[in-house]
Amino acid sequence: MIRMRNISWRFLSVWQRNLIVYRKIWKVNFMVPLLEPAFYILAFGLGFQGLVTNLSYGGQALTYTQFMAPALIGISIMYNSFFETTYASFVRMYYQKTFDGMMTTPLSLEEIILAEIVWSATKAAAAAAIMLLVLGLFGFVVFPSGLLVIPLAFLGGLAFGSIGMFFTGITPSIDMFNLPIFLFITPMFLFSGTFFPVAGLPVWAQSAALAFPLYHLVELTRLFCLGRVETSPLLSLSYLVLFTLCFLFLALTTMRRRLVK
Amino acid sequence: MTVSGAATDPIILAENLCKQYDGFTAVDSISFDVQPGECFGLLGPNGAGKTSAIRMIYGFAPVSGGRLRVFGLDIETEWRQIRSRIGVCQQDNTLDPDLSVLQNLLVFAGYFRIPARKARQRAEELLHFFALEKKIEAKVGELSGGLARRLTLARALINDPELIILDEPTTGLDPQSRHQLWERLQHLRTLGKTFMLTTHYMEEAAQLCDRLMIMDHGKILIQGTPTGLIGEHIGTSIIEVGGAGPELRQFLVDRSIGFDQMGERLIVYSNGDSTVEQAIRTTFRPEQCTFRSATLEDVFLRLTGRELRE
């Protein structure tokens, strides 16, 4: 049972704890979103540019790098938040017993879990902001609409942070995270209109992609970066919000079951 | 059993308190109270239900049955208020390894919503009190067991709690660290703080606790003052006899003097009976024989049995 009255702004003190730790190694934390898009653009962009010539998305022709660049941000949002609430949260919960210590203070379990998820979204938004800067310099982002990717990254971070925390709530051990990564994250990484347009797939595969939260996140990233989209943005936004609420609820429920005995 | 009949409310009041985990009863209807300014000990072998009982008091584990009041408040509904007035030193090391010594205190103060300036001042006082000033920038992982435990206790005091809960505070510490911690706890006692602690060390309980209870299999076996319990259950003195033959045992049975067999040794609860002492010395002439005063450890072992647990 989740108790709504157990949730207050106190959760920000846990969020702040994670920020303090993050800032200690901010150079390393910034390096990845700074260099990763550059590597991808170089490898896939330059490498595939000649192979993929007539790419059409949302009814218009795009170069392969133009098509792929916004998806890189979407993927990074997913990885940043999902890995934060799986491996990183699991280490804090299980090995470091950080949550146990917090639960001797006036913090509720709900606040601790919510703070972890909000933190993962913050981290995703920070990474997205840095990537926007890099990809903007390459000329792959239209401003100012591109700036909307930052709040979008926060929403996407909440979505993947929540489902990550849900897996943390049910995983028997840290090694078992391989399972959701192999069965859920990797297929999404490949088949969410990230590296090729979904419109080119058979109809059944197109409908399957619609169920992927990353597909909707990438669609919206492309909308804000390029001004183009192949599905309804409102549908994608609603899907992400519903997905977040659903897994936020499940994350809080499973973590309560796991930690309160 | 309670000494105090004062008008003040008890700090902790437990009535028929129960804790069950999936059908297993860890705490089986225990009743006790802890008075203001008192140091109350909770003793028992591993798996006796000590930690389960203590976790209910700070609202970490929900109460399965009975009534539990802390500061006269209901832990079920007013847990936030209760936790803001207590300090907890858990059995596991829950210090934050991602943070420095000082940050551990400041971040923890944030969980209590203590304003930054006040938190800083309080942290510095506590680091001084526990002689941790030199380690202020150290990482928690670099601290020795004794230092880590002192920091845990400092952290538990960050909110200036009225009640301090200590779950095996000195387990795994060397004698120097243990004595230093006891000395700090004694000092805190003079400030009028109330303590509830669990321990395996009878010496610790005898030194620190005004009253204590011994639990086993989720139930309270006895409660009272350390000296009172020794007098009541053991008496004044003990004779430990090594390599005793069946004649001595028969002699003790005939005179209905209590004893326990522990391997080769016989623990005789002679209670200052000089005729027994004389008889053992002269008639039976055992290989080894120690005459000593009774301790809390004798009470504990006599009540909870001498066989190994778990």
# chains A, B, ... in the order shown; residues from 1 in each chain; ligands from 1

call {"tool": "closest_atom_pairs", "arguments": {"of": "segment 133-231 of chain B", "to": "segment 235-239 of chain B", "cutoff": "12 Å", "atoms": "only C-alpha atoms", "output": "JSON lines"}}
result
{"residue": "B:Thr227", "atom": "CA", "partner": "B:Thr236", "partner_atom": "CA", "distance": 9.7}
{"residue": "B:Gly228", "atom": "CA", "partner": "B:Gly235", "partner_atom": "CA", "distance": 9.5}
{"residue": "B:Leu229", "atom": "CA", "partner": "B:Gly235", "partner_atom": "CA", "distance": 8.9}
{"residue": "B:Ile230", "atom": "CA", "partner": "B:Gly235", "partner_atom": "CA", "distance": 6.1}
{"residue": "B:Gly231", "atom": "CA", "partner": "B:Gly235", "partner_atom": "CA", "distance": 4.4}

call {"tool": "select_by_dssp", "arguments": {"residues": "segment 27-81 of chain A", "states": "strand (DSSP E)", "output": "MDAnalysis selection string"}}
result
chainID A and resid 55:57 60:62

call {"tool": "residues_around", "arguments": {"residues": "Gly161 of chain A", "least_positions_apart": "5", "cutoff": "12 Å", "atoms": "only C-alpha atoms", "output": "count of residues only"}}
result
41

call {"tool": "closest_atom_pairs", "arguments": {"of": "chain B", "to": "chain A", "cutoff": "10 Å", "atoms": "only C-alpha atoms", "output": "tab-separated table"}}
result
residue	atom	partner	partner_atom	distance
B:Lys19	CA	A:Lys261	CA	9.7
B:Gln20	CA	A:Lys261	CA	9.0
B:Tyr21	CA	A:Lys261	CA	7.1
B:Asp22	CA	A:Lys261	CA	9.3
B:Ser52	CA	A:Lys261	CA	9.8
B:Arg55	CA	A:Thr104	CA	9.3
B:Tyr58	CA	A:Thr104	CA	6.7
B:Gly59	CA	A:Thr104	CA	7.9
B:Phe60	CA	A:Met103	CA	6.6
B:Ala61	CA	A:Lys261	CA	5.6
B:Pro62	CA	A:Lys261	CA	7.1
B:Val63	CA	A:Lys261	CA	9.7
B:Trp79	CA	A:Pro106	CA	7.6
B:Arg80	CA	A:Pro106	CA	4.8
B:Gln81	CA	A:Pro106	CA	7.2
B:Ile82	CA	A:Pro106	CA	8.1
B:Arg83	CA	A:Pro106	CA	5.3
B:Ser84	CA	A:Pro106	CA	5.6
B:Arg85	CA	A:Pro106	CA	9.1
B:Ile86	CA	A:Thr105	CA	8.3
B:Gly87	CA	A:Thr104	CA	7.5
B:Val88	CA	A:Thr104	CA	6.2
B:Cys89	CA	A:Thr104	CA	8.7
B:Gln90	CA	A:Gly101	CA	7.7
B:Asp92	CA	A:Lys97	CA	8.0
B:Asn93	CA	A:Lys97	CA	7.6
B:Thr94	CA	A:Lys97	CA	5.2
B:Leu95	CA	A:Thr98	CA	7.0
B:Asp96	CA	A:Thr98	CA	6.1
B:Pro97	CA	A:Gln96	CA	7.1
B:Asp98	CA	A:Val21	CA	6.3
B:Leu99	CA	A:Val21	CA	6.9
B:Ser100	CA	A:Val21	CA	9.9
B:Gln103	CA	A:Ile20	CA	9.0
B:Asn104	CA	A:Arg17	CA	9.6
B:Leu106	CA	A:Arg17	CA	9.8
B:Val107	CA	A:Arg17	CA	6.4
B:Phe108	CA	A:Met102	CA	7.8
B:Ala109	CA	A:Thr105	CA	9.2
B:Gly110	CA	A:Ser13	CA	5.8
B:Tyr111	CA	A:Ser13	CA	5.8
B:Phe112	CA	A:Pro106	CA	6.2
B:Arg113	CA	A:Arg10	CA	7.8
B:Thr152	CA	A:Gly101	CA	9.7
B:Arg155	CA	A:Gly101	CA	10.0
B:Ala156	CA	A:Thr104	CA	8.8
B:Asn159	CA	A:Thr105	CA	9.3

call {"tool": "closest_residue", "arguments": {"among": "A:Arg258, A:Arg228, A:Arg3, A:His216", "to": "Pro172 of chain A", "atoms": "only C-alpha atoms"}}
result
A:Arg258

call {"tool": "select_by_dssp", "arguments": {"residues": "segment 10-226 of chain A", "states": "alpha helix (DSSP H)", "output": "short mmCIF file (atom, residue, chain, number, x, y, z; two decimals) with N, CA and C atoms, in the first residue's frame"}}
result
data_model
loop_
_atom_site.label_atom_id
_atom_site.label_comp_id
_atom_site.auth_asym_id
_atom_site.auth_seq_id
_atom_site.Cartn_x
_atom_site.Cartn_y
_atom_site.Cartn_z
N PHE A 11 11.42 14.97 0.18
CA PHE A 11 12.16 14.09 -0.73
C PHE A 11 13.33 14.84 -1.38
N LEU A 12 13.23 16.16 -1.43
CA LEU A 12 14.30 16.95 -2.04
C LEU A 12 15.64 16.80 -1.30
N SER A 13 15.59 16.49 0.00
CA SER A 13 16.85 16.33 0.74
C SER A 13 17.60 15.09 0.26
N VAL A 14 16.87 14.07 -0.17
CA VAL A 14 17.51 12.86 -0.71
C VAL A 14 18.04 13.16 -2.12
N TRP A 15 17.25 13.91 -2.88
CA TRP A 15 17.66 14.34 -4.22
C TRP A 15 18.97 15.13 -4.11
N GLN A 16 19.03 16.00 -3.09
CA GLN A 16 20.20 16.83 -2.87
C GLN A 16 21.43 15.99 -2.51
N ARG A 17 21.21 14.93 -1.76
CA ARG A 17 22.30 14.02 -1.42
C ARG A 17 22.93 13.45 -2.69
N ASN A 18 22.09 13.05 -3.63
CA ASN A 18 22.60 12.50 -4.88
C ASN A 18 23.31 13.56 -5.71
N LEU A 19 22.82 14.78 -5.63
CA LEU A 19 23.46 15.88 -6.36
C LEU A 19 24.88 16.12 -5.81
N ILE A 20 25.01 16.08 -4.48
CA ILE A 20 26.33 16.29 -3.86
C ILE A 20 27.32 15.23 -4.35
N VAL A 21 26.86 13.99 -4.39
CA VAL A 21 27.74 12.90 -4.84
C VAL A 21 28.07 13.06 -6.33
N TYR A 22 27.07 13.46 -7.11
CA TYR A 22 27.25 13.65 -8.56
C TYR A 22 28.28 14.73 -8.84
N ARG A 23 28.20 15.82 -8.07
CA ARG A 23 29.09 16.96 -8.30
C ARG A 23 30.54 16.63 -7.99
N LYS A 24 30.74 15.62 -7.11
CA LYS A 24 32.12 15.24 -6.77
C LYS A 24 32.89 14.77 -7.99
N TRP A 26 31.85 15.46 -11.28
CA TRP A 26 31.08 16.03 -12.38
C TRP A 26 31.84 16.00 -13.70
N LYS A 27 33.15 16.06 -13.65
CA LYS A 27 33.90 16.04 -14.91
C LYS A 27 33.68 14.73 -15.64
N VAL A 28 33.72 13.63 -14.87
CA VAL A 28 33.49 12.32 -15.49
C VAL A 28 32.03 12.24 -15.94
N ASN A 29 31.13 12.74 -15.08
CA ASN A 29 29.71 12.67 -15.42
C ASN A 29 29.39 13.47 -16.68
N PHE A 30 30.14 14.55 -16.92
CA PHE A 30 29.87 15.37 -18.10
C PHE A 30 30.55 14.84 -19.36
N MET A 31 31.63 14.10 -19.15
CA MET A 31 32.42 13.61 -20.27
C MET A 31 31.59 12.71 -21.20
N VAL A 32 30.81 11.80 -20.60
CA VAL A 32 30.09 10.82 -21.41
C VAL A 32 29.10 11.51 -22.37
N PRO A 33 28.15 12.35 -21.87
CA PRO A 33 27.23 12.98 -22.82
C PRO A 33 27.92 13.96 -23.77
N LEU A 34 29.11 14.40 -23.39
CA LEU A 34 29.85 15.32 -24.25
C LEU A 34 30.47 14.57 -25.43
N LEU A 35 31.07 13.43 -25.16
CA LEU A 35 31.81 12.71 -26.19
C LEU A 35 30.97 11.68 -26.95
N GLU A 36 30.01 11.07 -26.23
CA GLU A 36 29.25 9.98 -26.84
C GLU A 36 28.57 10.39 -28.15
N PRO A 37 27.82 11.52 -28.16
CA PRO A 37 27.18 11.88 -29.45
C PRO A 37 28.21 12.13 -30.54
N ALA A 38 29.34 12.70 -30.18
CA ALA A 38 30.37 12.96 -31.18
C ALA A 38 30.85 11.65 -31.80
N PHE A 39 31.07 10.63 -30.94
CA PHE A 39 31.51 9.33 -31.45
C PHE A 39 30.47 8.73 -32.40
N TYR A 40 29.21 8.76 -31.96
CA TYR A 40 28.15 8.16 -32.77
C TYR A 40 28.00 8.88 -34.11
N GLY A 47 30.10 6.98 -41.53
CA GLY A 47 30.15 5.62 -42.05
C GLY A 47 28.93 5.24 -42.88
N PHE A 48 27.73 5.67 -42.43
CA PHE A 48 26.50 5.24 -43.10
C PHE A 48 26.01 6.22 -44.15
N GLN A 49 26.51 7.45 -44.04
CA GLN A 49 26.01 8.52 -44.91
C GLN A 49 25.94 8.08 -46.38
N TYR A 64 21.15 10.72 -43.21
CA TYR A 64 21.11 9.72 -42.16
C TYR A 64 21.49 10.31 -40.80
N THR A 65 22.49 11.15 -40.77
CA THR A 65 22.92 11.75 -39.49
C THR A 65 21.86 12.67 -38.92
N GLN A 66 21.18 13.42 -39.78
CA GLN A 66 20.09 14.28 -39.32
C GLN A 66 19.02 13.43 -38.64
N PHE A 67 18.73 12.29 -39.25
CA PHE A 67 17.70 11.39 -38.72
C PHE A 67 18.12 10.80 -37.37
N MET A 68 19.37 10.40 -37.31
CA MET A 68 19.82 9.65 -36.15
C MET A 68 20.15 10.54 -34.94
N ALA A 69 20.65 11.74 -35.18
CA ALA A 69 21.13 12.58 -34.08
C ALA A 69 20.12 12.77 -32.93
N PRO A 70 18.85 13.13 -33.19
CA PRO A 70 17.91 13.30 -32.07
C PRO A 70 17.69 12.00 -31.30
N ALA A 71 17.75 10.88 -32.02
CA ALA A 71 17.53 9.59 -31.35
C ALA A 71 18.62 9.32 -30.32
N LEU A 72 19.82 9.83 -30.61
CA LEU A 72 20.92 9.63 -29.65
C LEU A 72 20.57 10.24 -28.30
N ILE A 73 19.91 11.39 -28.35
CA ILE A 73 19.50 12.03 -27.09
C ILE A 73 18.47 11.15 -26.38
N GLY A 74 17.49 10.66 -27.13
CA GLY A 74 16.46 9.80 -26.55
C GLY A 74 17.06 8.58 -25.88
N ILE A 75 18.01 7.95 -26.59
CA ILE A 75 18.66 6.75 -26.04
C ILE A 75 19.42 7.09 -24.76
N SER A 76 20.10 8.21 -24.79
CA SER A 76 20.88 8.63 -23.63
C SER A 76 19.98 8.90 -22.42
N ILE A 77 18.82 9.49 -22.67
CA ILE A 77 17.85 9.73 -21.58
C ILE A 77 17.48 8.39 -20.94
N MET A 78 17.20 7.42 -21.81
CA MET A 78 16.80 6.09 -21.32
C MET A 78 17.91 5.46 -20.48
N TYR A 79 19.12 5.42 -21.04
CA TYR A 79 20.22 4.78 -20.33
C TYR A 79 20.54 5.49 -19.02
N ASN A 80 20.61 6.81 -19.04
CA ASN A 80 20.95 7.55 -17.83
C ASN A 80 20.00 7.27 -16.69
N SER A 81 18.71 7.33 -16.98
CA SER A 81 17.75 7.15 -15.89
C SER A 81 17.58 5.69 -15.51
N PHE A 82 17.55 4.81 -16.51
CA PHE A 82 17.34 3.40 -16.21
C PHE A 82 18.50 2.82 -15.40
N PHE A 83 19.72 3.15 -15.78
CA PHE A 83 20.87 2.61 -15.05
C PHE A 83 20.98 3.22 -13.66
N SER A 89 20.83 2.58 -7.73
CA SER A 89 19.91 2.54 -6.58
C SER A 89 20.05 1.22 -5.83
N PHE A 90 20.25 0.14 -6.58
CA PHE A 90 20.38 -1.17 -5.94
C PHE A 90 21.61 -1.19 -5.02
N THR A 98 22.13 2.60 2.42
CA THR A 98 21.85 4.03 2.55
C THR A 98 20.39 4.28 2.90
N PHE A 99 19.50 3.50 2.29
CA PHE A 99 18.06 3.70 2.55
C PHE A 99 17.73 3.34 4.00
N ASP A 100 18.42 2.30 4.53
CA ASP A 100 18.17 1.90 5.92
C ASP A 100 18.49 3.06 6.86
N GLY A 101 19.62 3.72 6.59
CA GLY A 101 20.00 4.87 7.40
C GLY A 101 18.97 5.98 7.29
N MET A 102 18.51 6.23 6.07
CA MET A 102 17.53 7.30 5.84
C MET A 102 16.22 7.01 6.57
N LEU A 109 9.65 5.99 3.22
CA LEU A 109 10.17 5.16 2.13
C LEU A 109 9.74 5.73 0.78
N GLU A 110 8.50 6.20 0.72
CA GLU A 110 7.97 6.77 -0.53
C GLU A 110 8.81 7.96 -0.98
N GLU A 111 9.20 8.78 -0.01
CA GLU A 111 10.01 9.97 -0.36
C GLU A 111 11.39 9.56 -0.87
N ILE A 112 11.96 8.54 -0.26
CA ILE A 112 13.29 8.09 -0.68
C ILE A 112 13.23 7.56 -2.13
N ILE A 113 12.23 6.74 -2.40
CA ILE A 113 12.10 6.14 -3.74
C ILE A 113 11.77 7.22 -4.78
N LEU A 114 10.85 8.10 -4.43
CA LEU A 114 10.50 9.19 -5.34
C LEU A 114 11.73 10.04 -5.65
N ALA A 115 12.53 10.33 -4.61
CA ALA A 115 13.74 11.14 -4.80
C ALA A 115 14.72 10.44 -5.74
N GLU A 116 14.84 9.14 -5.62
CA GLU A 116 15.76 8.40 -6.50
C GLU A 116 15.30 8.52 -7.96
N ILE A 117 13.99 8.40 -8.16
CA ILE A 117 13.45 8.47 -9.53
C ILE A 117 13.59 9.89 -10.08
N VAL A 118 13.26 10.88 -9.27
CA VAL A 118 13.38 12.27 -9.72
C VAL A 118 14.85 12.59 -9.99
N TRP A 119 15.73 12.03 -9.16
CA TRP A 119 17.14 12.25 -9.39
C TRP A 119 17.57 11.66 -10.74
N SER A 120 17.11 10.45 -11.04
CA SER A 120 17.47 9.81 -12.31
C SER A 120 17.00 10.66 -13.48
N ALA A 121 15.84 11.31 -13.33
CA ALA A 121 15.31 12.18 -14.38
C ALA A 121 16.15 13.44 -14.50
N THR A 122 16.63 13.93 -13.37
CA THR A 122 17.48 15.13 -13.38
C THR A 122 18.78 14.83 -14.12
N LYS A 123 19.34 13.66 -13.81
CA LYS A 123 20.59 13.25 -14.45
C LYS A 123 20.39 13.12 -15.96
N ALA A 124 19.24 12.56 -16.35
CA ALA A 124 18.93 12.40 -17.77
C ALA A 124 18.79 13.77 -18.43
N ALA A 125 18.15 14.71 -17.74
CA ALA A 125 17.96 16.04 -18.30
C ALA A 125 19.30 16.77 -18.45
N ALA A 126 20.19 16.58 -17.48
CA ALA A 126 21.51 17.20 -17.56
C ALA A 126 22.29 16.64 -18.75
N ALA A 127 22.23 15.33 -18.92
CA ALA A 127 22.92 14.69 -20.06
C ALA A 127 22.34 15.19 -21.37
N ALA A 128 21.00 15.29 -21.42
CA ALA A 128 20.34 15.75 -22.65
C ALA A 128 20.75 17.18 -22.98
N ALA A 129 20.90 18.02 -21.96
CA ALA A 129 21.28 19.41 -22.19
C ALA A 129 22.68 19.50 -22.81
N ILE A 130 23.58 18.67 -22.29
CA ILE A 130 24.95 18.69 -22.83
C ILE A 130 24.97 18.17 -24.27
N MET A 131 24.19 17.11 -24.50
CA MET A 131 24.14 16.55 -25.85
C MET A 131 23.54 17.55 -26.84
N LEU A 132 22.53 18.29 -26.39
CA LEU A 132 21.91 19.32 -27.25
C LEU A 132 22.97 20.32 -27.71
N LEU A 133 23.80 20.67 -26.76
CA LEU A 133 24.86 21.64 -27.05
C LEU A 133 25.79 21.10 -28.14
N VAL A 134 26.24 19.85 -27.94
CA VAL A 134 27.17 19.24 -28.90
C VAL A 134 26.51 19.08 -30.26
N LEU A 135 25.31 18.50 -30.27
CA LEU A 135 24.62 18.26 -31.54
C LEU A 135 24.20 19.58 -32.20
N GLY A 136 23.93 20.59 -31.36
CA GLY A 136 23.62 21.91 -31.88
C GLY A 136 24.80 22.50 -32.62
N LEU A 137 25.99 22.29 -32.06
CA LEU A 137 27.22 22.78 -32.71
C LEU A 137 27.44 22.09 -34.05
N PHE A 138 27.06 20.82 -34.11
CA PHE A 138 27.15 20.08 -35.38
C PHE A 138 26.08 20.53 -36.36
N VAL A 149 13.69 19.91 -25.46
CA VAL A 149 14.17 18.55 -25.20
C VAL A 149 14.55 18.39 -23.72
N ILE A 150 14.96 19.50 -23.08
CA ILE A 150 15.38 19.39 -21.67
C ILE A 150 14.20 18.98 -20.76
N PRO A 151 13.07 19.72 -20.77
CA PRO A 151 11.93 19.21 -19.97
C PRO A 151 11.44 17.85 -20.45
N LEU A 152 11.54 17.62 -21.76
CA LEU A 152 11.12 16.30 -22.26
C LEU A 152 12.03 15.21 -21.68
N ALA A 153 13.32 15.50 -21.58
CA ALA A 153 14.27 14.53 -21.01
C ALA A 153 13.91 14.23 -19.57
N PHE A 154 13.43 15.26 -18.86
CA PHE A 154 13.02 15.05 -17.47
C PHE A 154 11.84 14.09 -17.40
N LEU A 155 10.86 14.29 -18.29
CA LEU A 155 9.71 13.38 -18.33
C LEU A 155 10.15 11.97 -18.73
N GLY A 156 10.98 11.89 -19.79
CA GLY A 156 11.48 10.58 -20.22
C GLY A 156 12.27 9.92 -19.10
N GLY A 157 13.04 10.72 -18.36
CA GLY A 157 13.81 10.21 -17.24
C GLY A 157 12.91 9.65 -16.14
N LEU A 158 11.81 10.34 -15.89
CA LEU A 158 10.85 9.83 -14.90
C LEU A 158 10.29 8.49 -15.36
N ALA A 159 9.99 8.39 -16.65
CA ALA A 159 9.41 7.15 -17.19
C ALA A 159 10.39 5.99 -17.03
N PHE A 160 11.63 6.16 -17.50
CA PHE A 160 12.60 5.06 -17.42
C PHE A 160 13.15 4.88 -16.02
N GLY A 161 13.21 5.96 -15.25
CA GLY A 161 13.62 5.84 -13.85
C GLY A 161 12.60 5.04 -13.06
N SER A 162 11.32 5.24 -13.37
CA SER A 162 10.26 4.52 -12.65
C SER A 162 10.29 3.04 -12.97
N ILE A 163 10.43 2.72 -14.26
CA ILE A 163 10.43 1.28 -14.59
C ILE A 163 11.71 0.63 -14.07
N GLY A 164 12.81 1.37 -14.07
CA GLY A 164 14.05 0.85 -13.49
C GLY A 164 13.88 0.55 -12.02
N MET A 165 13.24 1.46 -11.29
CA MET A 165 13.01 1.27 -9.87
C MET A 165 12.06 0.10 -9.61
N PHE A 166 11.12 -0.08 -10.53
CA PHE A 166 10.22 -1.23 -10.42
C PHE A 166 11.04 -2.53 -10.51
N PHE A 167 11.99 -2.59 -11.44
CA PHE A 167 12.83 -3.79 -11.54
C PHE A 167 13.70 -3.95 -10.28
N THR A 168 14.17 -2.84 -9.73
CA THR A 168 14.94 -2.90 -8.48
C THR A 168 14.07 -3.47 -7.35
N GLY A 169 12.79 -3.14 -7.40
CA GLY A 169 11.86 -3.64 -6.38
C GLY A 169 11.64 -5.13 -6.44
N ILE A 170 11.83 -5.72 -7.63
CA ILE A 170 11.53 -7.15 -7.74
C ILE A 170 12.76 -8.02 -8.02
N ASN A 178 20.45 -8.05 -15.84
CA ASN A 178 20.74 -8.42 -17.23
C ASN A 178 19.47 -8.77 -17.99
N LEU A 179 18.52 -9.33 -17.27
CA LEU A 179 17.29 -9.81 -17.91
C LEU A 179 16.46 -8.66 -18.49
N PRO A 180 16.03 -7.68 -17.67
CA PRO A 180 15.30 -6.56 -18.28
C PRO A 180 16.12 -5.79 -19.32
N THR A 186 17.48 -3.40 -24.67
CA THR A 186 18.19 -3.58 -25.94
C THR A 186 17.24 -3.61 -27.15
N PRO A 187 16.15 -4.39 -27.11
CA PRO A 187 15.23 -4.34 -28.27
C PRO A 187 14.71 -2.93 -28.51
N MET A 188 14.47 -2.21 -27.42
CA MET A 188 13.96 -0.86 -27.59
C MET A 188 14.99 0.05 -28.23
N PHE A 189 16.23 -0.14 -27.77
CA PHE A 189 17.35 0.64 -28.32
C PHE A 189 17.43 0.46 -29.84
N LEU A 190 17.14 -0.74 -30.30
CA LEU A 190 17.29 -1.03 -31.73
C LEU A 190 16.05 -0.73 -32.56
N PHE A 191 14.85 -0.97 -31.99
CA PHE A 191 13.63 -0.95 -32.80
C PHE A 191 12.68 0.20 -32.49
N VAL A 203 3.84 -4.04 -40.86
CA VAL A 203 2.81 -3.42 -40.01
C VAL A 203 2.86 -3.93 -38.57
N TRP A 204 3.03 -5.26 -38.40
CA TRP A 204 3.04 -5.81 -37.03
C TRP A 204 4.19 -5.22 -36.22
N ALA A 205 5.33 -5.02 -36.88
CA ALA A 205 6.49 -4.46 -36.17
C ALA A 205 6.26 -2.99 -35.84
N GLN A 206 5.53 -2.32 -36.73
CA GLN A 206 5.20 -0.92 -36.46
C GLN A 206 4.33 -0.79 -35.21
N SER A 207 3.34 -1.70 -35.09
CA SER A 207 2.46 -1.63 -33.91
C SER A 207 3.25 -1.98 -32.66
N ALA A 208 4.20 -2.92 -32.79
CA ALA A 208 5.02 -3.29 -31.63
C ALA A 208 5.83 -2.09 -31.17
N ALA A 209 6.38 -1.36 -32.11
CA ALA A 209 7.19 -0.19 -31.76
C ALA A 209 6.37 0.85 -31.01
N LEU A 210 5.08 0.94 -31.35
CA LEU A 210 4.19 1.90 -30.68
C LEU A 210 4.10 1.64 -29.18
N PRO A 213 8.12 2.77 -24.95
CA PRO A 213 8.21 4.18 -24.50
C PRO A 213 9.34 4.93 -25.21
N LEU A 214 10.42 4.22 -25.55
CA LEU A 214 11.52 4.91 -26.22
C LEU A 214 11.09 5.44 -27.59
N TYR A 215 10.22 4.68 -28.26
CA TYR A 215 9.74 5.15 -29.57
C TYR A 215 9.10 6.53 -29.42
N HIS A 216 8.24 6.68 -28.42
CA HIS A 216 7.53 7.95 -28.23
C HIS A 216 8.50 9.05 -27.80
N LEU A 217 9.47 8.66 -27.00
CA LEU A 217 10.46 9.65 -26.55
C LEU A 217 11.29 10.15 -27.74
N VAL A 218 11.70 9.22 -28.58
CA VAL A 218 12.50 9.58 -29.76
C VAL A 218 11.67 10.43 -30.73
N GLU A 219 10.41 10.06 -30.90
CA GLU A 219 9.51 10.84 -31.76
C GLU A 219 9.46 12.31 -31.30
N LEU A 220 9.29 12.50 -30.00
CA LEU A 220 9.19 13.87 -29.48
C LEU A 220 10.54 14.60 -29.56
N THR A 221 11.61 13.84 -29.33
CA THR A 221 12.94 14.47 -29.45
C THR A 221 13.14 14.98 -30.88
N ARG A 222 12.73 14.15 -31.84
CA ARG A 222 12.87 14.55 -33.24
C ARG A 222 11.99 15.76 -33.56
N LEU A 223 10.80 15.77 -32.97
CA LEU A 223 9.90 16.90 -33.20
C LEU A 223 10.56 18.19 -32.73
N PHE A 224 11.15 18.15 -31.53
CA PHE A 224 11.74 19.38 -30.98
C PHE A 224 13.05 19.74 -31.67
N CYS A 225 13.81 18.73 -32.12
CA CYS A 225 15.10 19.02 -32.75
C CYS A 225 14.97 19.39 -34.22
N LEU A 226 14.02 18.73 -34.93
CA LEU A 226 13.92 18.91 -36.38
C LEU A 226 12.61 19.55 -36.81
#

call {"tool": "closest_residue", "arguments": {"among": "B:Arg120, B:His217, B:Arg302, B:His200", "to": "Phe24 of chain B", "atoms": "only C-alpha atoms"}}
result
B:His217

call {"tool": "closest_residue", "arguments": {"among": "B:Arg265, B:Arg122, B:Arg249, B:Lys193", "to": "Gln35 of chain B", "atoms": "only C-alpha atoms"}}
result
B:Lys193

call {"tool": "atom_distance", "arguments": {"atom1": "atom CA of Phe143 of chain A", "atom2": "atom CA of Gly227 of chain A"}}
result
10.1 Å

call {"tool": "residues_around", "arguments": {"residues": "Arg211 of chain B", "least_positions_apart": "3", "cutoff": "10 Å", "atoms": "only C-alpha atoms", "output": "list of chain:residue names"}}
result
B:Met1, B:Thr2, B:Val3, B:Val34, B:Gln35, B:Glu38, B:Cys39, B:Phe40, B:Gly41, B:Leu42, B:Met196, B:Ala205, B:Ala206, B:Leu208, B:Gln223, B:Gly224, B:Thr225, B:Pro226, B:Thr227, B:Gly228, B:Leu229

call {"tool": "residues_around", "arguments": {"residues": "segment 178-186 of chain B", "least_positions_apart": "4", "cutoff": "10 Å", "atoms": "only C-alpha atoms", "output": "list in words"}}
result
Cys39, Phe129, Phe130, Gly146, Leu147, Arg149, Arg150, Leu153, Pro169, Thr170, Thr171, Gly172, Leu173, Asp174, Thr190, Leu191, Lys193, Phe195, Glu204, Gln207 and Leu208 of chain B

call {"tool": "atom_distance", "arguments": {"atom1": "atom CA of Glu264 of chain B", "atom2": "atom CA of Gln288 of chain B"}}
result
10.6 Å

call {"tool": "residues_around", "arguments": {"residues": "Arg281 of chain B", "least_positions_apart": "4", "cutoff": "12 Å", "atoms": "only C-alpha atoms", "output": "ChimeraX atom specification"}}
result
/B:239-241,244,248,274-277,285-291

call {"tool": "residues_around", "arguments": {"residues": "Leu301 of chain B", "least_positions_apart": "6", "cutoff": "12 Å", "atoms": "only C-alpha atoms", "output": "MDAnalysis selection string"}}
result
chainID B and resid 43:45 200 202 214:216 221 230 233:234 259:262 267 294:295 307:309
